[in-house]
Each structure stands twice: as C-alpha cells, then as structure tokens.
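Have a look at the structure below, then the notes.
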Amino acid sequence: MEARVFWAGDADVVSLGGLIEPDALSGFQRQLHNLVLEAYQRQMRRCADEPFADQLDDLSLLFLRSASPNAFAIEKDGRRAVAICLGLFDALWGAFAMALSDSDFMPGYFDSEAPSSAGAMNRQGLRDPAWADIALPGWPEDRLAALNDLFYRAVDFLVCHELAHHARRHIPYLQDTLGIGRVDECLNATAGTNSDDAYRLIEFDADHHGLDLLVVGMIDDTERPWDLDRSQTQCFQSAVAILTVFLLFDLDHASVDLQYGSSHPAPVHRAMRLSAALTSTFARLFAWTDEDRIDWHDLAWITVGEIARILELPEGRWRGEFTQGMALARFCKEERALLKFARRFDRLP
Ligand SMILES: [Zn+2]
C-alpha cells in the first residue's frame, strides 16, 4: 500500500482532521509548508549517512488539518511518519510576526521601523491565521526576512526533534513498555494525560539529540567556515527560535510541578537545557570566550523575554527580574534522571 493511502486511513491521523494535500493550502499556508518541507528534506539528505539511517526508512512527512499547534512522531506496522498540524504554522508565525511588529523587540537590529499592521494581533489570535494575509503586505524587507528566518529555524529544530524520536527508537520503546505508537508534542504541555516518567524523559532525549542534528547540519551546510561574529549571530538566532518554540509550549503558564505531572517535561526546563547546550557547543567549536558565551546566552533569553511580554505572559519565568517560576531545584533533579535514562538508548546496538 502506498504510504499516503496507509496514513490517510490511520485512526490518529483521521482524529486530527486527516491529511491535507499541498494543493488544498492557501497561498500563505503553502509558503510555510514549503519552508517545513525544505527543512525536512535537507535533514533527511544529511541523515542518510548516519548510523541510525535505517530508523528513518519508510519515513513520510505528513501535514494534518488540525488547528491544534502540534506535531507527532508516529510508527505503525513498520511505517514511520513525522506529522505536523497546520495550527503549528499559525502559532509560530504569529508569535514571530507579533514580536517583529513591536519596536522594543531586538532594538538596534533593524534599519526599518516596526510595522503597525500587526496591532490587531493578540495572544488568542495565534490560532487564527486570518490576519496573516492582511498583515504582511507592506512589511519592510529586513523584518520579513527575519520572520522567515526565525520561522525556518524553529521548524528546523522541530523536524530534528521528531527525527530524533525515530533515530533513538523511542516509539518502539513506548510500544513495548506502554503500548503507545506515537509521540505527541502537544503545545499545551499540561494537556497530556500520560504521566509515566519514561514518556517525558524521551522528550529530553529527543531535544538533546535533535539539537545535535541541528547544529551539525548548520555547520556542515556552510560553504566557508564562519568567523567569530557569524558564529555568534547564527547561534543567537537559533537560540531565539528554539526558546520561542518552548515559550509557545508554555502559554498556559501552569506551575512547573503541575507540568511534570503530565506527559511532557516543563517547557522552561527544556528551554534552559537547550540554550545552555547550544551556546556551549558554539563556544567550544568557535573558541568563544566564557564571557561571550554567557552574554549571547543571556541576550537570547532577554530577547525571548520580550516575546513573552508581547504575549502578555506573567513575570518570573520567561521574563522579568526574578526566576521564582522556573523551579530551579526541580530542574537539577530532572537533569540527573535524564542522564541516567539516556544511557539506556546509548547502549542500543
Ligand atoms: Zn517530542
């Protein structure tokens, strides 16, 4: 059976509105779809020579009609897929568009004035793509380029994360231990119902290995070696994009302890772990000073803090002077559990 026919009839796919063909997308959606497809095809080409390439055999990229901002890694009857819901396009694009419409976002970075056309957007509107076709014509070129760049970097990370679920054999593991055939990203982190430790520890594992794929891909694709400045702006832009993904996972802003009672780790802890790993990796590869590493790491958080302000999130976790909402002691405890758990997959032949 052809893969699309197989997946079109799958109960999970049907429950999320079914497959959507690129021809059925609006012009705006097709533009975003093409960026996701580009990221996916580029990563798949790169992974062809990796030792885990057999875990990506028969893999399909699916787009689902659901307005839920969600993505899946799924495996059934020996077939594998990465599935992205249309709602994820809207959430990411909307958050970056709102940020780039605010004159206090990345001050000094743009030559152009912030466009006022996004004034009608708000946090609730992230799930309503109707504004997208209205807001963008007339945007200054530098801000439009930044919007495309941040969106691409965010979906590139998400694609790498989903590929890591397959590469690390997480789904066969979940099938064996919990009888679950898919990993559901679920932007609303407290909405998941499965609180088994294994289920959320594989998310940390996929973040870690997805980031490896992303960084190796970024560096491999460059035609000539980056100088120091280039390495720092590249790292900063990717850090902002990745942190924003997790900020969007955290829009309900539930307590960290409540989030750990659900199927996924607390988004802010995933963000902390990845921003530290990303800046440390770049610092090592490009001989940054410790001071530079800390400054670029902090600047990424300050920048995403501005997005949190624009999305009207409370202070104390993603923005503001204090960190009481970050649950730092819990982060250290989870970190130890993760390292122990990840060794299980490292040992697989
Ligand atoms: Zn995941």
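Residue numbering restarts at 1 in every chain; chains get A, B, ... in the order shown in the structure tokens, and ligands count up from 1 in that same order.
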| field | Cut-off 12 Å, only C-alpha atoms and all ligand atoms, neighbours of ligand 1 as JSON, numbers by chain | value | {"A": [70, 71, 72, 73, 74, 82, 83, 84, 157, 158, 159, 160, 161, 162, 163, 164, 165, 166, 168, 170, 171, 182, 183, 184, 185, 186, 187, 189, 199, 200, 201, 202, 203, 204, 205, 206, 207, 208, 209, 210, 246, 249, 263, 264, 265, 267, 270]}
Export of prior selection with C-alpha atoms as a JSON list (two decimals), in the first residue's frame:
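selection_20.json, written as the output of this step:
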[["chain", "number", "residue", "atom", "x", "y", "z"],
["A", 70, "ASN", "CA", 1.05, 20.14, 17.48],
["A", 71, "ALA", "CA", 3.50, 17.72, 15.87],
["A", 72, "PHE", "CA", 3.97, 13.94, 16.11],
["A", 73, "ALA", "CA", 6.46, 11.18, 15.56],
["A", 74, "ILE", "CA", 4.43, 8.09, 14.73],
["A", 82, "VAL", "CA", 6.64, 12.91, 11.11],
["A", 83, "ALA", "CA", 3.30, 14.73, 11.22],
["A", 84, "ILE", "CA", 2.82, 18.47, 11.59],
["A", 157, "PHE", "CA", 14.54, 22.33, 15.27],
["A", 158, "LEU", "CA", 11.10, 20.69, 15.47],
["A", 159, "VAL", "CA", 11.88, 18.49, 12.45],
["A", 160, "CYS", "CA", 15.21, 17.47, 14.05],
["A", 161, "HIS", "CA", 13.40, 16.72, 17.32],
["A", 162, "GLU", "CA", 10.88, 14.46, 15.54],
["A", 163, "LEU", "CA", 13.65, 12.73, 13.56],
["A", 164, "ALA", "CA", 15.48, 12.14, 16.85],
["A", 165, "HIS", "CA", 12.42, 10.32, 18.24],
["A", 166, "HIS", "CA", 12.73, 7.90, 15.32],
["A", 168, "ARG", "CA", 16.62, 6.95, 19.01],
["A", 170, "HIS", "CA", 11.66, 5.96, 21.18],
["A", 171, "ILE", "CA", 8.44, 4.75, 19.61],
["A", 182, "ARG", "CA", 3.14, 7.86, 18.74],
["A", 183, "VAL", "CA", 4.87, 10.75, 20.46],
["A", 184, "ASP", "CA", 2.67, 13.81, 20.66],
["A", 185, "GLU", "CA", 4.34, 17.18, 21.17],
["A", 186, "CYS", "CA", 1.23, 18.97, 22.33],
["A", 187, "LEU", "CA", 1.91, 22.69, 22.68],
["A", 189, "ALA", "CA", 2.07, 20.87, 27.99],
["A", 199, "TYR", "CA", 7.26, 9.32, 28.37],
["A", 200, "ARG", "CA", 8.66, 12.68, 29.41],
["A", 201, "LEU", "CA", 12.28, 11.56, 29.67],
["A", 202, "ILE", "CA", 12.26, 10.61, 25.99],
["A", 203, "GLU", "CA", 11.36, 14.24, 25.28],
["A", 204, "PHE", "CA", 14.56, 15.40, 26.91],
["A", 205, "ASP", "CA", 16.43, 12.75, 24.95],
["A", 206, "ALA", "CA", 14.87, 13.88, 21.64],
["A", 207, "ASP", "CA", 15.66, 17.52, 22.46],
["A", 208, "HIS", "CA", 19.29, 16.68, 23.10],
["A", 209, "HIS", "CA", 19.78, 14.53, 20.00],
["A", 210, "GLY", "CA", 17.63, 16.81, 17.85],
["A", 246, "PHE", "CA", 9.16, 26.22, 24.20],
["A", 249, "PHE", "CA", 4.50, 25.17, 24.72],
["A", 263, "SER", "CA", 3.17, 13.77, 29.63],
["A", 264, "HIS", "CA", 5.92, 16.32, 28.94],
["A", 265, "PRO", "CA", 8.76, 17.96, 30.84],
["A", 267, "PRO", "CA", 8.87, 23.65, 28.68],
["A", 270, "ARG", "CA", 13.67, 22.08, 28.12]]
| query | If you count only C-alpha atoms, which residues fall within 7 Å of range 77-81 of chain A, apart from same-chain ones fewer than 3 positions away, as a VMD selection string? | reply | chain A and resid 58 to 62 73 to 74
Keeping only C-alpha atoms, take the residues you just selected and write them out as a PDB file, in the first residue's frame.
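As written to disk, result_12.pdb reads:
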ATOM      1  CA  ASP A  58       9.875   4.393   5.020  1.00  0.00           C
ATOM      2  CA  LEU A  59       9.511   7.748   6.751  1.00  0.00           C
ATOM      3  CA  SER A  60       6.829  10.141   5.471  1.00  0.00           C
ATOM      4  CA  LEU A  61       6.265  13.828   6.202  1.00  0.00           C
ATOM      5  CA  LEU A  62       2.560  14.451   6.782  1.00  0.00           C
ATOM      6  CA  ALA A  73       6.456  11.184  15.564  1.00  0.00           C
ATOM      7  CA  ILE A  74       4.425   8.094  14.731  1.00  0.00           C
TER       8      ILE A  74
END
Per residue of range 134-208 of chain A within 7 Å of range 30-48 of chain A, record the nearest atom pair and its distance in Å to one decimal, counting only C-alpha atoms, with rows in chain order and ascending residue number, as a Markdown table.
| residue | atom | partner | partner_atom | distance |
| --- | --- | --- | --- | --- |
| A:Tyr152 | CA | A:Leu35 | CA | 6.2 |
| A:Val155 | CA | A:Val36 | CA | 6.1 |
| A:Asp156 | CA | A:Ala39 | CA | 5.3 |
| A:Val159 | CA | A:Tyr40 | CA | 6.2 |
Could the residues in this selection be written to a file with C-alpha atoms, as a PDB file, in the first residue's frame?
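Saved result, part-v5.pdb, follows:
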ATOM      1  CA  TYR A 152      12.609  28.338   9.458  1.00  0.00           C
ATOM      2  CA  VAL A 155      10.607  24.322  12.316  1.00  0.00           C
ATOM      3  CA  ASP A 156      14.116  23.041  11.558  1.00  0.00           C
ATOM      4  CA  VAL A 159      11.883  18.493  12.451  1.00  0.00           C
TER       5      VAL A 159
END
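Considering the residues A:Gln324, A:Thr303, A:Ser238, A:Thr289 and counting only C-alpha atoms, Ser275 in chain A has its shortest atom-to-atom contact with A:Ser238.
All residues of protein, DNA or RNA that reach within 7 Å of Val256 in chain A, judged by only C-alpha atoms and not counting those fewer than 2 positions away in the chain, are Ala254, Leu258, Gln259, Tyr260, Ala266 and Ala327 of chain A.
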Any chance you could export the current selection's N, CA and C atoms as a PDB file, in the first residue's frame?
ATOM      1  N   ALA A 254       1.171  27.040  33.431  1.00  0.00           N
ATOM      2  CA  ALA A 254       0.869  26.252  34.635  1.00  0.00           C
ATOM      3  C   ALA A 254       2.135  26.149  35.488  1.00  0.00           C
ATOM      4  N   LEU A 258       3.017  21.030  38.218  1.00  0.00           N
ATOM      5  CA  LEU A 258       1.828  20.529  37.510  1.00  0.00           C
ATOM      6  C   LEU A 258       2.228  20.001  36.130  1.00  0.00           C
ATOM      7  N   GLN A 259       3.124  20.713  35.471  1.00  0.00           N
ATOM      8  CA  GLN A 259       3.571  20.276  34.142  1.00  0.00           C
ATOM      9  C   GLN A 259       4.288  18.932  34.222  1.00  0.00           C
ATOM     10  N   TYR A 260       5.060  18.719  35.290  1.00  0.00           N
ATOM     11  CA  TYR A 260       5.743  17.424  35.417  1.00  0.00           C
ATOM     12  C   TYR A 260       4.770  16.288  35.741  1.00  0.00           C
ATOM     13  N   ALA A 266       8.616  20.165  31.844  1.00  0.00           N
ATOM     14  CA  ALA A 266       8.267  21.590  31.853  1.00  0.00           C
ATOM     15  C   ALA A 266       8.980  22.286  30.695  1.00  0.00           C
ATOM     16  N   ALA A 327      11.494  27.074  38.874  1.00  0.00           N
ATOM     17  CA  ALA A 327      11.677  25.844  39.665  1.00  0.00           C
ATOM     18  C   ALA A 327      13.070  25.242  39.449  1.00  0.00           C
TER      19      ALA A 327
END
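Contact shell of range 141-148 of chain A at 10 Å (only C-alpha atoms; same-chain neighbours under 5 positions omitted): A:Gln31, A:Leu32, A:Leu35, A:Leu92, A:Trp93, A:Gly94, A:Ala95, A:Phe96, A:Ala97, A:Met98, A:Ala99, A:Leu100, A:Ser101, A:Tyr109, A:Phe110, A:Asp111, A:Ser112, A:Glu113, A:Ala114, A:Pro115, A:Leu136, A:Arg153, A:Ala154, A:Gln237.
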| said: Restricting the calculation to only C-alpha atoms: of A:Leu274, A:Cys332, A:Gln175, A:Leu228, which residue gets closest to Val245 in chain A? | reply: A:Leu274
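Among A:Ser26, A:Ser68, A:Gln55, A:Gln232, the residue with the shortest atom-to-atom distance to Thr279 in chain A, counting only C-alpha atoms, is A:Gln232.
In terms of minimum interatomic distance to Val13 in chain A, A:Glu75 ranks closest within A:Glu50, A:Glu335, A:Glu75, A:Asp197, counting only C-alpha atoms.
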| task | Could you please write out, as JSON, numbers by chain, every residue of range 180-342 of chain A that DSSP assigns to alpha helix (DSSP H)? | result | {"A": [197, 198, 199, 200, 201, 202, 203, 204, 205, 206, 207, 208, 209, 210, 211, 212, 213, 214, 215, 216, 217, 218, 219, 220, 228, 229, 230, 231, 232, 233, 234, 235, 236, 237, 238, 239, 240, 241, 242, 243, 244, 245, 246, 247, 248, 249, 256, 257, 258, 259, 260, 267, 268, 269, 270, 271, 272, 273, 274, 275, 276, 277, 278, 279, 280, 281, 282, 283, 284, 285, 290, 291, 292, 293, 294, 295, 296, 297, 298, 299, 300, 301, 302, 303, 304, 305, 306, 307, 308, 309, 310, 328, 329, 330, 331, 332, 333, 334, 335, 336, 337, 338, 339, 340, 341, 342]}
With C-alpha atoms retained, export the selected residues as a tab-separated table (two decimals), in the first residue's frame.
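Saved file again_37.tsv follows:
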chain	number	residue	atom	x	y	z
A	197	ASP	CA	8.38	9.06	33.68
A	198	ALA	CA	9.62	7.34	30.53
A	199	TYR	CA	7.26	9.32	28.37
A	200	ARG	CA	8.66	12.68	29.41
A	201	LEU	CA	12.28	11.56	29.67
A	202	ILE	CA	12.26	10.61	25.99
A	203	GLU	CA	11.36	14.24	25.28
A	204	PHE	CA	14.56	15.40	26.91
A	205	ASP	CA	16.43	12.75	24.95
A	206	ALA	CA	14.87	13.88	21.64
A	207	ASP	CA	15.66	17.52	22.46
A	208	HIS	CA	19.29	16.68	23.10
A	209	HIS	CA	19.78	14.53	20.00
A	210	GLY	CA	17.63	16.81	17.85
A	211	LEU	CA	19.89	19.70	18.80
A	212	ASP	CA	22.94	17.64	17.79
A	213	LEU	CA	21.41	17.04	14.37
A	214	LEU	CA	20.55	20.71	14.03
A	215	VAL	CA	24.00	22.03	14.95
A	216	VAL	CA	25.90	19.53	12.80
A	217	GLY	CA	23.58	20.41	9.89
A	218	MET	CA	24.07	24.15	10.34
A	219	ILE	CA	27.83	23.86	10.32
A	220	ASP	CA	28.04	21.25	7.53
A	228	LEU	CA	33.54	34.62	15.19
A	229	ASP	CA	30.83	37.23	14.51
A	230	ARG	CA	28.95	34.92	12.17
A	231	SER	CA	29.06	32.03	14.63
A	232	GLN	CA	27.62	34.28	17.34
A	233	THR	CA	24.73	35.69	15.29
A	234	GLN	CA	23.90	32.22	13.95
A	235	CYS	CA	23.83	30.79	17.46
A	236	PHE	CA	21.78	33.72	18.77
A	237	GLN	CA	19.15	33.49	16.02
A	238	SER	CA	18.74	29.74	16.52
A	239	ALA	CA	18.58	30.14	20.30
A	240	VAL	CA	15.79	32.73	19.97
A	241	ALA	CA	13.85	30.47	17.58
A	242	ILE	CA	14.20	27.36	19.78
A	243	LEU	CA	13.38	29.18	23.02
A	244	THR	CA	10.26	30.57	21.36
A	245	VAL	CA	9.10	27.05	20.50
A	246	PHE	CA	9.16	26.22	24.20
A	247	LEU	CA	7.61	29.52	25.18
A	248	LEU	CA	4.68	28.55	22.95
A	249	PHE	CA	4.50	25.17	24.72
A	256	VAL	CA	6.26	23.55	36.78
A	257	ASP	CA	5.19	20.82	39.24
A	258	LEU	CA	1.83	20.53	37.51
A	259	GLN	CA	3.57	20.28	34.14
A	260	TYR	CA	5.74	17.42	35.42
A	267	PRO	CA	8.87	23.65	28.68
A	268	VAL	CA	11.01	26.18	30.50
A	269	HIS	CA	13.36	23.40	31.65
A	270	ARG	CA	13.67	22.08	28.12
A	271	ALA	CA	14.48	25.63	27.01
A	272	MET	CA	17.10	26.10	29.76
A	273	ARG	CA	18.79	22.85	28.89
A	274	LEU	CA	18.89	23.53	25.15
A	275	SER	CA	20.02	27.16	25.32
A	276	ALA	CA	22.91	26.11	27.58
A	277	ALA	CA	23.80	23.20	25.28
A	278	LEU	CA	23.58	25.31	22.12
A	279	THR	CA	25.73	28.19	23.37
A	280	SER	CA	28.27	25.80	24.96
A	281	THR	CA	28.59	23.86	21.71
A	282	PHE	CA	29.15	27.00	19.65
A	283	ALA	CA	31.56	28.38	22.24
A	284	ARG	CA	33.63	25.18	22.01
A	285	LEU	CA	33.54	24.93	18.21
A	290	ASP	CA	33.33	32.36	28.50
A	291	GLU	CA	32.15	35.93	28.73
A	292	ASP	CA	30.85	35.83	25.14
A	293	ARG	CA	29.10	32.52	25.77
A	294	ILE	CA	27.28	33.91	28.79
A	295	ASP	CA	26.44	37.21	27.06
A	296	TRP	CA	24.94	35.56	23.95
A	297	HIS	CA	23.04	33.04	26.06
A	298	ASP	CA	21.58	35.82	28.20
A	299	LEU	CA	20.77	38.00	25.19
A	300	ALA	CA	18.73	35.15	23.67
A	301	TRP	CA	16.72	34.85	26.91
A	302	ILE	CA	16.22	38.63	27.13
A	303	THR	CA	15.01	38.65	23.51
A	304	VAL	CA	12.56	35.81	24.12
A	305	GLY	CA	11.51	37.62	27.30
A	306	GLU	CA	10.34	40.40	25.01
A	307	ILE	CA	8.20	37.90	23.09
A	308	ALA	CA	6.80	36.72	26.45
A	309	ARG	CA	5.94	40.34	27.27
A	310	ILE	CA	4.26	40.85	23.89
A	328	LEU	CA	15.46	25.59	39.52
A	329	ALA	CA	15.78	22.84	42.18
A	330	ARG	CA	13.39	20.67	40.21
A	331	PHE	CA	15.48	21.29	37.08
A	332	CYS	CA	18.59	19.84	38.76
A	333	LYS	CA	16.68	16.78	39.93
A	334	GLU	CA	15.23	16.13	36.47
A	335	GLU	CA	18.65	16.60	34.89
A	336	ARG	CA	20.08	13.72	36.93
A	337	ALA	CA	17.17	11.44	35.99
A	338	LEU	CA	17.60	12.31	32.33
A	339	LEU	CA	21.27	11.43	32.16
A	340	LYS	CA	20.57	8.06	33.76
A	341	PHE	CA	17.69	7.37	31.39
A	342	ALA	CA	19.54	8.45	28.20
| What does the distance from CA of Leu313 in chain A to CA of Asp252 in chain A come to in Å, to one decimal? | 8.8 Å
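Between CA of Ala167 in chain A and CA of Ala53 in chain A the separation is 7.3 Å.
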